[in-house]
>>> print(open('work_17.cif').read())   # mmCIF, C-alpha atoms and all ligand atoms
data_model
#
loop_
_atom_site.group_PDB
_atom_site.id
_atom_site.type_symbol
_atom_site.label_atom_id
_atom_site.label_comp_id
_atom_site.auth_asym_id
_atom_site.auth_seq_id
_atom_site.Cartn_x
_atom_site.Cartn_y
_atom_site.Cartn_z
ATOM 1 C CA MET N 1 9.612 26.013 0.651
ATOM 2 C CA THR N 2 8.126 22.701 1.717
ATOM 3 C CA ASN N 3 7.939 20.120 -1.019
ATOM 4 C CA LEU N 4 4.515 18.481 -1.243
ATOM 5 C CA LEU N 5 4.922 14.888 -2.350
ATOM 6 C CA LEU N 6 1.904 14.453 -4.616
ATOM 7 C CA ALA N 7 0.829 11.231 -6.271
ATOM 8 C CA LYS N 8 -1.107 12.820 -9.138
ATOM 9 C CA PRO N 9 1.703 13.896 -11.494
ATOM 10 C CA LEU N 10 3.463 10.596 -11.013
ATOM 11 C CA ILE N 11 0.282 8.638 -11.710
ATOM 12 C CA GLU N 12 -0.457 10.697 -14.818
ATOM 13 C CA ASP N 13 3.019 9.897 -16.043
ATOM 14 C CA THR N 14 2.940 6.171 -15.216
ATOM 15 C CA LEU N 15 -0.560 5.068 -16.270
ATOM 16 C CA PRO N 16 0.045 5.632 -20.025
ATOM 17 C CA LYS N 17 3.237 3.571 -19.754
ATOM 18 C CA LEU N 18 1.329 0.717 -18.116
ATOM 19 C CA LYS N 19 -1.391 1.049 -20.742
ATOM 20 C CA ASP N 20 1.232 0.686 -23.475
ATOM 21 C CA LEU N 21 2.592 -2.443 -21.832
ATOM 22 C CA CYS N 22 -0.914 -3.927 -21.563
ATOM 23 C CA SER N 23 -1.712 -3.173 -25.186
ATOM 24 C CA GLN N 24 1.396 -5.073 -26.292
ATOM 25 C CA MET N 25 0.330 -8.244 -24.478
ATOM 26 C CA SER N 26 -1.443 -11.159 -26.129
ATOM 27 C CA SER N 27 -4.501 -10.371 -23.994
ATOM 28 C CA PRO N 28 -5.152 -7.759 -21.293
ATOM 29 C CA PRO N 29 -4.191 -8.568 -17.691
ATOM 30 C CA LYS N 30 -7.153 -9.488 -15.534
ATOM 31 C CA MET N 31 -7.594 -8.803 -11.845
ATOM 32 C CA ARG N 32 -10.144 -10.466 -9.611
ATOM 33 C CA VAL N 33 -11.225 -8.916 -6.333
ATOM 34 C CA ILE N 34 -13.287 -10.828 -3.805
ATOM 35 C CA LEU N 35 -15.426 -8.543 -1.663
ATOM 36 C CA VAL N 36 -17.541 -9.901 1.199
ATOM 37 C CA GLY N 37 -20.398 -7.635 2.290
ATOM 38 C CA GLU N 38 -20.558 -3.909 1.643
ATOM 39 C CA ASN N 39 -18.174 -2.244 4.074
ATOM 40 C CA GLN N 40 -18.261 1.365 2.862
ATOM 41 C CA ALA N 41 -14.508 1.955 2.942
ATOM 42 C CA SER N 42 -13.861 -1.329 1.121
ATOM 43 C CA VAL N 43 -16.410 -0.487 -1.576
ATOM 44 C CA THR N 44 -14.665 2.872 -2.131
ATOM 45 C CA TYR N 45 -11.190 1.294 -2.304
ATOM 46 C CA VAL N 46 -12.428 -1.324 -4.741
ATOM 47 C CA LYS N 47 -13.948 1.377 -6.986
ATOM 48 C CA HIS N 48 -10.584 3.170 -7.140
ATOM 49 C CA LYS N 49 -8.898 -0.056 -8.143
ATOM 50 C CA GLU N 50 -11.510 -0.705 -10.829
ATOM 51 C CA LYS N 51 -11.055 2.806 -12.254
ATOM 52 C CA GLN N 52 -7.284 2.438 -12.488
ATOM 53 C CA CYS N 53 -7.642 -0.965 -14.161
ATOM 54 C CA GLU N 54 -9.865 0.666 -16.794
ATOM 55 C CA LYS N 55 -7.275 3.388 -17.343
ATOM 56 C CA ILE N 56 -4.510 0.922 -18.175
ATOM 57 C CA GLY N 57 -6.722 -1.346 -20.267
ATOM 58 C CA ALA N 58 -6.763 -4.195 -17.738
ATOM 59 C CA LEU N 59 -9.857 -6.241 -16.966
ATOM 60 C CA PHE N 60 -11.438 -5.989 -13.560
ATOM 61 C CA ASP N 61 -13.607 -8.725 -12.195
ATOM 62 C CA LEU N 62 -15.395 -8.080 -8.911
ATOM 63 C CA VAL N 63 -16.861 -11.054 -7.078
ATOM 64 C CA LYS N 64 -19.344 -9.710 -4.533
ATOM 65 C CA LEU N 65 -20.234 -12.205 -1.835
ATOM 66 C CA PRO N 66 -23.019 -11.899 0.726
ATOM 67 C CA LEU N 67 -22.055 -10.895 4.262
ATOM 68 C CA ASP N 68 -23.292 -14.225 5.661
ATOM 69 C CA ILE N 69 -21.480 -16.463 3.156
ATOM 70 C CA SER N 70 -20.351 -19.773 4.652
ATOM 71 C CA ARG N 71 -16.654 -20.490 5.209
ATOM 72 C CA ASP N 72 -16.717 -23.313 2.668
ATOM 73 C CA ASP N 73 -18.290 -21.191 -0.050
ATOM 74 C CA PHE N 74 -15.852 -18.368 0.662
ATOM 75 C CA LEU N 75 -12.837 -20.685 0.488
ATOM 76 C CA GLN N 76 -14.179 -22.124 -2.747
ATOM 77 C CA GLU N 77 -14.145 -18.626 -4.294
ATOM 78 C CA ILE N 78 -10.449 -18.293 -3.493
ATOM 79 C CA GLU N 79 -9.846 -21.706 -5.039
ATOM 80 C CA LYS N 80 -11.645 -20.546 -8.191
ATOM 81 C CA LEU N 81 -9.492 -17.421 -8.339
ATOM 82 C CA ASN N 82 -6.343 -19.523 -8.052
ATOM 83 C CA SER N 83 -7.288 -22.160 -10.617
ATOM 84 C CA ASP N 84 -8.688 -19.822 -13.297
ATOM 85 C CA ASN N 85 -5.909 -19.275 -15.837
ATOM 86 C CA SER N 86 -7.618 -16.204 -17.262
ATOM 87 C CA ILE N 87 -6.999 -14.348 -13.964
ATOM 88 C CA HIS N 88 -3.489 -12.977 -13.495
ATOM 89 C CA GLY N 89 -3.770 -11.187 -10.159
ATOM 90 C CA GLY N 90 -6.255 -11.191 -7.330
ATOM 91 C CA PHE N 91 -6.956 -10.703 -3.683
ATOM 92 C CA VAL N 92 -9.619 -10.652 -1.007
ATOM 93 C CA GLN N 93 -10.479 -7.109 0.020
ATOM 94 C CA LEU N 94 -9.950 -6.782 3.766
ATOM 95 C CA PRO N 95 -11.332 -6.570 6.394
ATOM 96 C CA LEU N 96 -13.477 -9.685 6.414
ATOM 97 C CA PRO N 97 -16.641 -10.099 8.523
ATOM 98 C CA LYS N 98 -16.150 -11.560 11.973
ATOM 99 C CA HIS N 99 -17.041 -15.174 11.145
ATOM 100 C CA LEU N 100 -14.303 -15.263 8.464
ATOM 101 C CA SER N 101 -11.733 -12.977 10.041
ATOM 102 C CA ASP N 102 -9.560 -15.806 11.395
ATOM 103 C CA ILE N 103 -8.885 -17.039 7.835
ATOM 104 C CA ASP N 104 -5.460 -15.900 6.658
ATOM 105 C CA THR N 105 -6.385 -15.145 3.066
ATOM 106 C CA THR N 106 -2.886 -13.860 2.373
ATOM 107 C CA GLU N 107 -1.625 -17.442 2.479
ATOM 108 C CA LEU N 108 -4.423 -18.798 0.309
ATOM 109 C CA ILE N 109 -3.886 -16.709 -2.821
ATOM 110 C CA ALA N 110 -1.557 -18.413 -5.329
ATOM 111 C CA PRO N 111 1.897 -16.771 -5.004
ATOM 112 C CA GLU N 112 2.081 -15.927 -8.723
ATOM 113 C CA LYS N 113 -1.200 -13.968 -8.409
ATOM 114 C CA ASP N 114 -0.438 -12.290 -5.073
ATOM 115 C CA VAL N 115 -0.483 -8.712 -6.421
ATOM 116 C CA ASP N 116 -1.108 -7.343 -2.894
ATOM 117 C CA GLY N 117 2.268 -8.817 -1.939
ATOM 118 C CA PHE N 118 1.026 -10.093 1.411
ATOM 119 C CA GLY N 119 1.988 -13.775 1.025
ATOM 120 C CA VAL N 120 5.039 -15.560 2.357
ATOM 121 C CA GLU N 121 6.819 -15.741 -0.997
ATOM 122 C CA SER N 122 6.596 -11.980 -1.315
ATOM 123 C CA PHE N 123 7.973 -11.542 2.206
ATOM 124 C CA ILE N 124 10.916 -13.794 1.476
ATOM 125 C CA GLY N 125 11.750 -11.485 -1.423
ATOM 126 C CA LEU N 126 11.871 -8.516 0.930
ATOM 127 C CA ILE N 127 14.081 -10.333 3.404
ATOM 128 C CA LYS N 128 16.458 -11.548 0.679
ATOM 129 C CA ASN N 129 16.345 -8.237 -1.228
ATOM 130 C CA ASN N 130 15.466 -10.260 -4.308
ATOM 131 C CA TYR N 131 12.197 -9.459 -6.036
ATOM 132 C CA GLU N 132 12.322 -11.982 -8.875
ATOM 133 C CA ARG N 133 9.382 -14.045 -7.657
ATOM 134 C CA GLY N 134 7.137 -12.334 -5.139
ATOM 135 C CA PHE N 135 5.518 -8.900 -5.272
ATOM 136 C CA ILE N 136 6.382 -5.847 -3.221
ATOM 137 C CA PRO N 137 3.404 -4.875 -0.991
ATOM 138 C CA CYS N 138 1.644 -1.942 -2.620
ATOM 139 C CA THR N 139 1.834 0.818 0.006
ATOM 140 C CA PRO N 140 5.575 0.480 0.766
ATOM 141 C CA LYS N 141 6.252 0.048 -2.955
ATOM 142 C CA GLY N 142 4.355 3.292 -3.702
ATOM 143 C CA ILE N 143 6.368 5.136 -1.046
ATOM 144 C CA MET N 144 9.649 3.874 -2.534
ATOM 145 C CA THR N 145 8.461 5.090 -5.953
ATOM 146 C CA LEU N 146 7.836 8.533 -4.452
ATOM 147 C CA PHE N 147 11.372 8.602 -2.976
ATOM 148 C CA GLU N 148 12.845 7.594 -6.307
ATOM 149 C CA THR N 149 10.875 10.128 -8.327
ATOM 150 C CA GLU N 150 11.630 12.929 -5.908
ATOM 151 C CA ASN N 151 15.332 11.991 -5.829
ATOM 152 C CA ILE N 152 15.231 11.422 -2.088
ATOM 153 C CA ASP N 153 18.406 9.454 -1.448
ATOM 154 C CA LEU N 154 18.059 6.858 1.301
ATOM 155 C CA THR N 155 21.673 5.717 1.585
ATOM 156 C CA GLY N 156 22.941 6.229 5.120
ATOM 157 C CA LYS N 157 19.793 8.113 6.151
ATOM 158 C CA LYS N 158 18.049 7.559 9.471
ATOM 159 C CA ALA N 159 14.475 6.419 8.899
ATOM 160 C CA THR N 160 11.874 5.921 11.612
ATOM 161 C CA VAL N 161 8.869 3.749 10.783
ATOM 162 C CA ILE N 162 5.903 3.975 13.150
ATOM 163 C CA GLY N 163 3.648 0.917 12.908
ATOM 164 C CA ARG N 164 4.617 -2.746 12.667
ATOM 165 C CA SER N 165 1.849 -4.177 10.475
ATOM 166 C CA LEU N 166 2.504 -6.836 7.859
ATOM 167 C CA ILE N 167 0.913 -4.609 5.227
ATOM 168 C CA VAL N 168 2.941 -1.434 5.799
ATOM 169 C CA GLY N 169 5.359 -1.191 8.742
ATOM 170 C CA LYS N 170 7.339 -4.414 8.410
ATOM 171 C CA PRO N 171 7.757 -4.426 4.608
ATOM 172 C CA MET N 172 8.507 -0.686 4.669
ATOM 173 C CA ALA N 173 11.317 -1.175 7.171
ATOM 174 C CA LEU N 174 12.834 -3.971 5.060
ATOM 175 C CA LEU N 175 12.685 -1.932 1.849
ATOM 176 C CA LEU N 176 14.344 1.036 3.547
ATOM 177 C CA GLN N 177 17.072 -1.202 4.947
ATOM 178 C CA ASN N 178 17.600 -2.771 1.540
ATOM 179 C CA ALA N 179 17.995 0.736 0.120
ATOM 180 C CA GLY N 180 20.763 1.544 2.609
ATOM 181 C CA ALA N 181 18.867 3.418 5.318
ATOM 182 C CA THR N 182 19.335 2.845 9.036
ATOM 183 C CA VAL N 183 15.876 1.968 10.270
ATOM 184 C CA THR N 184 14.195 2.337 13.646
ATOM 185 C CA MET N 185 10.852 0.570 14.001
ATOM 186 C CA CYS N 186 8.421 2.099 16.462
ATOM 187 C CA HIS N 187 4.918 1.080 17.475
ATOM 188 C CA SER N 188 2.182 1.656 20.030
ATOM 189 C CA ARG N 189 4.386 0.400 22.888
ATOM 190 C CA THR N 190 7.452 2.475 21.992
ATOM 191 C CA ARG N 191 8.622 4.695 24.848
ATOM 192 C CA ASN N 192 9.763 8.237 24.097
ATOM 193 C CA LEU N 193 8.548 8.174 20.518
ATOM 194 C CA LYS N 194 9.636 11.805 20.129
ATOM 195 C CA GLU N 195 13.292 10.797 20.500
ATOM 196 C CA HIS N 196 12.918 8.585 17.463
ATOM 197 C CA THR N 197 11.067 11.100 15.319
ATOM 198 C CA LEU N 198 13.239 14.078 16.227
ATOM 199 C CA SER N 199 16.449 12.220 15.390
ATOM 200 C CA ALA N 200 15.339 10.810 11.997
ATOM 201 C CA ASP N 201 15.841 12.152 8.481
ATOM 202 C CA ILE N 202 12.728 10.368 7.255
ATOM 203 C CA ILE N 203 9.619 9.506 9.278
ATOM 204 C CA ILE N 204 6.922 7.157 8.021
ATOM 205 C CA SER N 205 3.750 7.006 10.059
ATOM 206 C CA ALA N 206 1.320 4.108 9.649
ATOM 207 C CA VAL N 207 -0.566 4.320 12.921
ATOM 208 C CA GLY N 208 -4.151 5.054 11.872
ATOM 209 C CA LYS N 209 -4.882 7.757 14.465
ATOM 210 C CA THR N 210 -6.034 11.288 13.637
ATOM 211 C CA LYS N 211 -3.413 13.954 14.457
ATOM 212 C CA PHE N 212 -1.263 11.400 16.270
ATOM 213 C CA LEU N 213 1.888 13.433 15.502
ATOM 214 C CA ASN N 214 1.979 17.215 15.865
ATOM 215 C CA ALA N 215 4.764 19.787 15.383
ATOM 216 C CA ASP N 216 6.427 18.794 18.701
ATOM 217 C CA TYR N 217 7.516 15.498 17.145
ATOM 218 C CA PHE N 218 9.570 17.061 14.372
ATOM 219 C CA GLN N 219 12.484 19.403 13.765
ATOM 220 C CA LYS N 220 11.587 22.898 12.637
ATOM 221 C CA ASP N 221 14.486 23.458 10.237
ATOM 222 C CA GLN N 222 12.995 21.935 7.079
ATOM 223 C CA SER N 223 15.398 19.016 7.261
ATOM 224 C CA GLN N 224 12.981 16.078 7.560
ATOM 225 C CA VAL N 225 10.850 14.126 5.103
ATOM 226 C CA LEU N 226 7.433 13.007 6.416
ATOM 227 C CA ILE N 227 5.377 10.209 4.880
ATOM 228 C CA ASP N 228 1.832 9.872 6.171
ATOM 229 C CA VAL N 229 0.162 6.523 5.553
ATOM 230 C CA GLY N 230 -2.811 7.267 7.842
ATOM 231 C CA MET N 231 -6.330 7.291 6.371
ATOM 232 C CA ASN N 232 -8.411 8.692 9.187
ATOM 233 C CA ARG N 233 -11.348 11.065 9.691
ATOM 234 C CA ASP N 234 -11.068 14.366 11.560
ATOM 235 C CA GLU N 235 -13.698 15.994 13.774
ATOM 236 C CA GLU N 236 -15.483 17.272 10.628
ATOM 237 C CA ASN N 237 -15.405 13.785 9.124
ATOM 238 C CA LYS N 238 -12.847 14.882 6.539
ATOM 239 C CA LEU N 239 -10.169 12.459 5.405
ATOM 240 C CA CYS N 240 -6.878 13.105 7.190
ATOM 241 C CA GLY N 241 -3.619 11.373 8.070
ATOM 242 C CA ASP N 242 -1.731 10.585 11.285
ATOM 243 C CA ILE N 243 0.195 13.852 11.110
ATOM 244 C CA ASP N 244 -1.278 17.234 11.976
ATOM 245 C CA PHE N 245 -0.486 18.558 8.502
ATOM 246 C CA GLU N 246 -1.199 22.264 9.106
ATOM 247 C CA SER N 247 1.012 22.448 12.182
ATOM 248 C CA VAL N 248 4.049 20.824 10.540
ATOM 249 C CA LYS N 249 3.900 21.651 6.840
ATOM 250 C CA ASP N 250 6.088 24.772 6.987
ATOM 251 C CA ASN N 251 8.720 23.130 9.180
ATOM 252 C CA VAL N 252 9.587 20.109 7.053
ATOM 253 C CA LYS N 253 11.557 19.486 3.880
ATOM 254 C CA ALA N 254 8.842 17.373 2.258
ATOM 255 C CA ILE N 255 5.517 15.811 3.258
ATOM 256 C CA THR N 256 2.799 13.656 1.694
ATOM 257 C CA PRO N 257 -0.684 15.165 2.034
ATOM 258 C CA VAL N 258 -3.772 13.108 2.926
ATOM 259 C CA PRO N 259 -5.604 12.698 0.639
ATOM 260 C CA GLY N 260 -3.439 12.825 -2.490
ATOM 261 C CA GLY N 261 -0.188 11.298 -1.222
ATOM 262 C CA VAL N 262 0.347 7.674 -0.246
ATOM 263 C CA GLY N 263 -3.229 6.397 -0.884
ATOM 264 C CA PRO N 264 -3.240 6.790 -4.679
ATOM 265 C CA MET N 265 0.355 5.528 -4.847
ATOM 266 C CA THR N 266 -0.864 2.263 -3.300
ATOM 267 C CA VAL N 267 -3.347 1.754 -6.124
ATOM 268 C CA LEU N 268 -0.704 2.632 -8.722
ATOM 269 C CA SER N 269 1.590 -0.044 -7.250
ATOM 270 C CA LEU N 270 -1.236 -2.551 -7.482
ATOM 271 C CA MET N 271 -1.525 -1.813 -11.212
ATOM 272 C CA GLU N 272 2.239 -2.230 -11.601
ATOM 273 C CA ASN N 273 2.088 -5.556 -9.770
ATOM 274 C CA LEU N 274 -0.781 -6.737 -11.976
ATOM 275 C CA VAL N 275 1.171 -5.932 -15.134
ATOM 276 C CA LEU N 276 4.216 -7.696 -13.675
ATOM 277 C CA ALA N 277 2.106 -10.756 -12.797
ATOM 278 C CA LYS N 278 0.841 -10.970 -16.371
ATOM 279 C CA GLN N 279 4.329 -10.497 -17.825
ATOM 280 C CA ARG N 280 5.643 -13.335 -15.666
ATOM 281 C CA GLN N 281 2.722 -15.605 -16.544
ATOM 282 C CA GLU N 282 3.377 -14.905 -20.215
ATOM 283 C CA GLY N 283 6.976 -15.931 -19.603
ATOM 284 C CA LYS N 284 8.487 -12.482 -20.223
HETATM 285 N N1 LIG N 301 -8.033 -3.278 2.701
HETATM 286 C C1 LIG N 301 -7.474 -2.051 2.827
HETATM 287 N N2 LIG N 301 -6.370 -1.967 2.076
HETATM 288 C C2 LIG N 301 -6.210 -3.158 1.466
HETATM 289 C C3 LIG N 301 -5.252 -3.671 0.563
HETATM 290 O O1 LIG N 301 -4.279 -3.014 0.182
HETATM 291 N N3 LIG N 301 -5.457 -4.952 0.156
HETATM 292 C C4 LIG N 301 -6.490 -5.707 0.585
HETATM 293 N N4 LIG N 301 -6.593 -6.966 0.134
HETATM 294 N N5 LIG N 301 -7.395 -5.259 1.427
HETATM 295 C C5 LIG N 301 -7.250 -3.985 1.860
#
>>> encode(input="work_17.cif", output="structure tokens", more="lines below")
Ligand code: GUN
Amino acid sequence: MTNLLLAKPLIEDTLPKLKDLCSQMSSPPKMRVILVGENQASVTYVKHKEKQCEKIGALFDLVKLPLDISRDDFLQEIEKLNSDNSIHGGFVQLPLPKHLSDIDTTELIAPEKDVDGFGVESFIGLIKNNYERGFIPCTPKGIMTLFETENIDLTGKKATVIGRSLIVGKPMALLLQNAGATVTMCHSRTRNLKEHTLSADIIISAVGKTKFLNADYFQKDQSQVLIDVGMNRDEENKLCGDIDFESVKDNVKAITPVPGGVGPMTVLSLMENLVLAKQRQEGK
């Protein structure tokens, strides 16, 4: 039988542990999120993050900025986030409106507060396989947690990552390599993608296209593990991933559903990073 890799049981198990850690601290960890405008998807993501903060007893501080905010005022908000000692972790919710979209906010957040793990210090950690200073980006971190919990051994396995973004594809490939997998990185220009999916033990798709991968891309002998990072809408406007779930689910060893798989794991990782940020800032 196919193993559904669900976030819910893992989250229910982990949140009380994080709550315990928070309650033992001198003060609760505090996260600040800067949101420009009211992009519907961003508002929804931010609400999820707020809810999880509440569940672990962390403070959540949302700074809502108008869509037409000036560059200077926007940059000043990041400065405030960085210099406020009562804030332990923070980030700018992406995407930004057009007039700000050339600003690389990932390099502006103080490294010790970079709970998204998008800054250069965090990347150096991935490259060195040393996570003492930076933070592991939340989506790849959540996927590694799923592998660990489900006892999916990565040593010597062939893993194919589709997507080369800084947020998912690149850090994912580094984490898999660090864990002993042999990694193939594919992307929109890859020729014969099927060759790379059919020959892998583990396939991670972070493409962002509805039903991008159907049953033809995978073995039918329940030997492969499929991780779907896609957050797309189908023809009925229902949330769906990159993989045509119905057509592959009986053929594979394990698969993450959308929704209920990778998405909530990302938010859980953010909570873990926030707690870690506070622990470090307390000198523990
Ligand atoms: N927009 C969509 N996902 C994310 C995320 O993980 N972090 C930030 N900062 N913005 C996002």
>>> atom_distance(input="work_17.cif", atom1="atom CA of His196 of chain N", atom2="atom CA of Val161 of chain N")
9.2 Å
>>> resolve_selection(input="work_17.cif", expression="the PyMOL selection byres (((chain N and resi 128-136) around 10) and not hetatm)", output="JSON, numbers by chain")
{"N": [111, 112, 113, 114, 115, 116, 117, 118, 119, 120, 121, 122, 123, 124, 125, 126, 127, 137, 138, 139, 140, 141, 142, 171, 172, 174, 175, 177, 178, 179, 269, 270, 272, 273, 274, 276, 277, 280]}
>>> residues_near_ligand(input="work_17.cif", ligand="ligand LIG 301 (chain N)", cutoff="9 Å", atoms="all atoms listed in the file", output="list in words")
Val33, Ile34, Ala41, Ser42, Tyr45, Val46, Gly90, Phe91, Val92, Gln93, Leu94, Pro95, Thr105, Thr106, Asp116, Gly117, Phe118, Pro137, Cys138, Thr139, Ile167, Thr266, Val267 and Leu270 of chain N
>>> atom_distance(input="work_17.cif", atom1="atom CA of Thr210 of chain N", atom2="atom CA of Asp242 of chain N")
5.0 Å
>>> closest_residue(input="work_17.cif", among="N:Ile243, N:Val183, N:Leu226, N:Ile56", to="Lys209 of chain N", atoms="all atoms listed in the file")
N:Ile243
>>> atom_distance(input="work_17.cif", atom1="atom CA of Asp72 of chain N", atom2="atom CA of Ile103 of chain N")
11.3 Å
>>> closest_residue(input="work_17.cif", among="N:Asp84, N:Val43, N:Ile227, N:Asp13", to="Gly261 of chain N", atoms="all atoms listed in the file")
N:Ile227
>>> build_atoms(input="work_17.cif", residues="segment 92-108 of chain N", atoms="N, CA, C and O atoms", output="mmCIF file, in the frame of the given file")
data_model
loop_
_atom_site.group_PDB
_atom_site.id
_atom_site.type_symbol
_atom_site.label_atom_id
_atom_site.label_comp_id
_atom_site.auth_asym_id
_atom_site.auth_seq_id
_atom_site.Cartn_x
_atom_site.Cartn_y
_atom_site.Cartn_z
ATOM 1 N N VAL N 92 -8.391 -10.841 -1.781
ATOM 2 C CA VAL N 92 -9.619 -10.652 -1.007
ATOM 3 C C VAL N 92 -9.521 -9.264 -0.375
ATOM 4 O O VAL N 92 -8.525 -8.962 0.307
ATOM 5 N N GLN N 93 -10.496 -8.432 -0.606
ATOM 6 C CA GLN N 93 -10.479 -7.109 0.020
ATOM 7 C C GLN N 93 -10.727 -7.272 1.521
ATOM 8 O O GLN N 93 -11.675 -7.912 1.943
ATOM 9 N N LEU N 94 -9.843 -6.699 2.305
ATOM 10 C CA LEU N 94 -9.950 -6.782 3.766
ATOM 11 C C LEU N 94 -10.545 -5.485 4.313
ATOM 12 O O LEU N 94 -10.431 -4.455 3.646
ATOM 13 N N PRO N 95 -11.164 -5.464 5.444
ATOM 14 C CA PRO N 95 -11.332 -6.570 6.394
ATOM 15 C C PRO N 95 -12.477 -7.504 6.012
ATOM 16 O O PRO N 95 -13.368 -7.133 5.251
ATOM 17 N N LEU N 96 -12.407 -8.704 6.599
ATOM 18 C CA LEU N 96 -13.477 -9.685 6.414
ATOM 19 C C LEU N 96 -14.452 -9.611 7.586
ATOM 20 O O LEU N 96 -14.067 -9.183 8.682
ATOM 21 N N PRO N 97 -15.714 -10.054 7.379
ATOM 22 C CA PRO N 97 -16.641 -10.099 8.523
ATOM 23 C C PRO N 97 -16.131 -11.062 9.599
ATOM 24 O O PRO N 97 -15.305 -11.942 9.317
ATOM 25 N N LYS N 98 -16.651 -10.859 10.793
ATOM 26 C CA LYS N 98 -16.150 -11.560 11.973
ATOM 27 C C LYS N 98 -16.023 -13.074 11.808
ATOM 28 O O LYS N 98 -15.006 -13.664 12.171
ATOM 29 N N HIS N 99 -17.057 -13.700 11.204
ATOM 30 C CA HIS N 99 -17.041 -15.174 11.145
ATOM 31 C C HIS N 99 -15.977 -15.713 10.179
ATOM 32 O O HIS N 99 -15.724 -16.918 10.148
ATOM 33 N N LEU N 100 -15.360 -14.818 9.390
ATOM 34 C CA LEU N 100 -14.303 -15.263 8.464
ATOM 35 C C LEU N 100 -12.938 -14.675 8.817
ATOM 36 O O LEU N 100 -11.930 -14.982 8.182
ATOM 37 N N SER N 101 -12.933 -13.802 9.838
ATOM 38 C CA SER N 101 -11.733 -12.977 10.041
ATOM 39 C C SER N 101 -10.517 -13.771 10.538
ATOM 40 O O SER N 101 -9.404 -13.261 10.503
ATOM 41 N N ASP N 102 -10.726 -15.014 10.976
ATOM 42 C CA ASP N 102 -9.560 -15.806 11.395
ATOM 43 C C ASP N 102 -8.896 -16.497 10.199
ATOM 44 O O ASP N 102 -7.840 -17.114 10.349
ATOM 45 N N ILE N 103 -9.485 -16.381 9.017
ATOM 46 C CA ILE N 103 -8.885 -17.039 7.835
ATOM 47 C C ILE N 103 -7.779 -16.141 7.295
ATOM 48 O O ILE N 103 -8.010 -14.957 7.011
ATOM 49 N N ASP N 104 -6.587 -16.690 7.176
ATOM 50 C CA ASP N 104 -5.460 -15.900 6.658
ATOM 51 C C ASP N 104 -5.472 -15.976 5.132
ATOM 52 O O ASP N 104 -4.805 -16.818 4.532
ATOM 53 N N THR N 105 -6.231 -15.089 4.531
ATOM 54 C CA THR N 105 -6.385 -15.145 3.066
ATOM 55 C C THR N 105 -5.056 -14.891 2.356
ATOM 56 O O THR N 105 -4.864 -15.322 1.236
ATOM 57 N N THR N 106 -4.156 -14.196 3.034
ATOM 58 C CA THR N 106 -2.886 -13.860 2.373
ATOM 59 C C THR N 106 -2.090 -15.115 2.035
ATOM 60 O O THR N 106 -1.267 -15.102 1.134
ATOM 61 N N GLU N 107 -2.343 -16.194 2.768
ATOM 62 C CA GLU N 107 -1.625 -17.442 2.479
ATOM 63 C C GLU N 107 -2.396 -18.349 1.525
ATOM 64 O O GLU N 107 -1.923 -19.423 1.167
ATOM 65 N N LEU N 108 -3.599 -17.937 1.155
ATOM 66 C CA LEU N 108 -4.423 -18.798 0.309
ATOM 67 C C LEU N 108 -4.361 -18.397 -1.160
ATOM 68 O O LEU N 108 -4.649 -19.195 -2.048
#
